[in-house]
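Below: the structure, in structure tokens.
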Amino acid sequence: TIEYSNDNIPASDTAMSQYNLIPSKIVNSTINLRNNYFTINKGSREGVRADMGVIASHAGLIGVVRNVSENFAYVISLLNRQTKISCAVKNRNGHGTLIWDDMDPLRMTLESIPKHEKIAVGDTVITSGYSTMFPRGILVGKIESYNIPSGSNSYSITVKLFNDLTSAKYAYIVQNRF
């Protein structure tokens, strides 16, 4: 029997009520490539489709469904150069794009948060809700460091992920009912 923890999945409210969570098991994955993927044991038979978000059973965001067969789905890991996720700093207004620079499986970069926003090391990074894949508020990580590149109007923020994708075993597929 598989047990799933829902510690950090937002409580069901009006914003979350448009989403179903489909539990699955990660059956294989890569973590040491430039573009990493993983496979989950749910597919079109359970309603999984391409472009659905995938979150871990314990600590937030881990990927986006790319291809689906009847019983399995192939997921682009957050640890992939093609990953671009709209994220925000919790309790702040700005939003930016989360990307991976293929260096560290525990860290990603959040770009395009305007430099007039007040941020601090330790602030929580969440999904922005500006896509149909993820509702606002799915946990991503914490700000580890930041700077403002010369001539830029926005921060370059290093985010320490809550999830260790090198050891993830279970996941939920986020199904937007609308």
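How things are named: the first chain in the structure tokens is A, the next is B, and so on; residues count from 1 in each chain; ligands count from 1 in the order shown.
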
| message | If we count only C-alpha atoms and set the cut-off at 10 Å, which residues sit around region 90-105 of chain A, ignoring sequence neighbours fewer than 3 positions away in its own chain? Please answer as a VMD selection string. | response | chain A and resid 31 to 36 77 to 87 108 to 119 123 to 130 136 to 137 139 to 140 142 154 to 161 163 to 166

| field | Test item: residues at most 6 Å from Lys25 (chain A), only C-alpha atoms, excluding those fewer than 6 positions along its chain, as an MDAnalysis selection string | value | chainID A and resid 40:41 170

| Using the chain letters and numbers from this document, which residues of region 23-171 of chain A does DSSP assign to strand (DSSP E), as number ranges by chain? | A: 23-29, 35-40, 53-56, 60-68, 73-80, 85-89, 95-99, 107-114, 124-127, 139-147, 154-161, 170-171

| field | 6 Å contact set for Arg45 (chain A), only C-alpha atoms, chain neighbours under 2 positions out, as a list in words | value | Gly43, Gly47 and Glu70 of chain A

Go ahead and save the residues from that selection, with N, CA and C atoms, as a PDB file, in the first residue's frame.
```pdb
ATOM      1  N   GLY A  43      -1.460   7.296 -16.557  1.00  0.00           N
ATOM      2  CA  GLY A  43      -1.501   7.787 -17.928  1.00  0.00           C
ATOM      3  C   GLY A  43      -2.885   8.245 -18.339  1.00  0.00           C
ATOM      4  N   GLY A  47      -6.800   9.949 -16.847  1.00  0.00           N
ATOM      5  CA  GLY A  47      -7.079  11.354 -17.143  1.00  0.00           C
ATOM      6  C   GLY A  47      -5.853  12.242 -17.236  1.00  0.00           C
ATOM      7  N   GLU A  70      -1.216   5.135 -22.328  1.00  0.00           N
ATOM      8  CA  GLU A  70      -2.400   4.718 -21.590  1.00  0.00           C
ATOM      9  C   GLU A  70      -2.129   4.561 -20.092  1.00  0.00           C
TER      10      GLU A  70
END
```

Can you pull out the residues contacting Arg49 (chain A)? Cut-off 7 Å, using only C-alpha atoms, and skip same-chain residues under 3 positions away; I want them as a short mmCIF file (atom, residue, chain, number, x, y, z; two decimals) with N, CA and C atoms, in the first residue's frame.
```
data_model
loop_
_atom_site.label_atom_id
_atom_site.label_comp_id
_atom_site.auth_asym_id
_atom_site.auth_seq_id
_atom_site.Cartn_x
_atom_site.Cartn_y
_atom_site.Cartn_z
N SER A 44 -3.15 8.20 -19.63
CA SER A 44 -4.41 8.73 -20.17
C SER A 44 -5.63 8.01 -19.58
N MET A 52 0.18 18.93 -17.87
CA MET A 52 -0.30 18.97 -16.49
C MET A 52 0.90 19.13 -15.56
N VAL A 68 2.17 11.23 -22.83
CA VAL A 68 1.33 10.31 -22.07
C VAL A 68 0.99 9.09 -22.91
#
```

Please identify which residues in chain A DSSP calls helix (DSSP H, G or I) from the backbone, and express them as a CSV table (one decimal) with all heavy atoms, in the first residue's frame.
```
chain,number,residue,atom,x,y,z
A,16,MET,N,-8.5,26.2,-5.1
A,16,MET,CA,-8.0,24.9,-5.3
A,16,MET,C,-9.1,23.9,-5.8
A,16,MET,O,-8.8,22.9,-6.4
A,16,MET,CB,-7.5,24.3,-4.0
A,16,MET,CG,-6.0,24.1,-3.8
A,16,MET,SD,-5.0,23.7,-5.2
A,16,MET,CE,-4.7,22.0,-5.0
A,17,SER,N,-10.4,24.3,-5.7
A,17,SER,CA,-11.5,23.4,-6.0
A,17,SER,C,-11.5,23.1,-7.5
A,17,SER,O,-12.1,22.1,-7.9
A,17,SER,CB,-12.8,24.0,-5.6
A,17,SER,OG,-13.1,25.1,-6.3
A,18,GLN,N,-10.8,23.9,-8.4
A,18,GLN,CA,-10.8,23.6,-9.8
A,18,GLN,C,-9.8,22.5,-10.1
A,18,GLN,O,-9.7,22.1,-11.3
A,18,GLN,CB,-10.6,24.8,-10.6
A,18,GLN,CG,-9.2,25.3,-10.7
A,18,GLN,CD,-9.1,26.6,-11.6
A,18,GLN,OE1,-9.6,27.6,-11.2
A,18,GLN,NE2,-8.4,26.5,-12.7
A,44,SER,N,-3.2,8.2,-19.6
A,44,SER,CA,-4.4,8.7,-20.2
A,44,SER,C,-5.6,8.0,-19.6
A,44,SER,O,-6.7,8.6,-19.5
A,44,SER,CB,-4.4,8.6,-21.7
A,44,SER,OG,-4.3,7.3,-22.1
A,45,ARG,N,-5.5,6.7,-19.2
A,45,ARG,CA,-6.6,6.0,-18.6
A,45,ARG,C,-7.1,6.7,-17.3
A,45,ARG,O,-8.2,6.6,-17.0
A,45,ARG,CB,-6.1,4.6,-18.3
A,45,ARG,CG,-7.3,3.6,-18.2
A,45,ARG,CD,-6.8,2.2,-18.3
A,45,ARG,NE,-5.8,2.0,-17.2
A,45,ARG,CZ,-5.4,0.8,-16.8
A,45,ARG,NH1,-5.8,-0.3,-17.4
A,45,ARG,NH2,-4.5,0.7,-15.8
A,46,GLU,N,-6.2,7.3,-16.6
A,46,GLU,CA,-6.5,8.0,-15.4
A,46,GLU,C,-6.8,9.5,-15.6
A,46,GLU,O,-6.9,10.3,-14.6
A,46,GLU,CB,-5.4,7.8,-14.3
A,46,GLU,CG,-5.3,6.5,-13.7
A,46,GLU,CD,-4.5,5.5,-14.6
A,46,GLU,OE1,-3.8,6.0,-15.5
A,46,GLU,OE2,-4.5,4.3,-14.3
```

| request: Would you list the contacts of Tyr19 (chain A) as a PyMOL selection string, taking every protein, DNA or RNA residue within 6 Å and counting only C-alpha atoms, but skipping same-chain residues closer than 6 positions in sequence? | output: chain A and resi 175-177

Once you have the residues from the selection above, write them out as a PDB file, in the first residue's frame, restricted to C-alpha atoms.
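Result went into result29.pdb, see below:
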```pdb
ATOM      1  CA  GLN A 175      -5.494  18.105 -13.047  1.00  0.00           C
ATOM      2  CA  ASN A 176      -7.206  21.426 -13.829  1.00  0.00           C
ATOM      3  CA  ARG A 177     -10.894  20.519 -14.098  1.00  0.00           C
TER       4      ARG A 177
END
```

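Coordinates place CA of Phe38 (chain A) at a distance of 13.1 Å from CA of Tyr172 (chain A).
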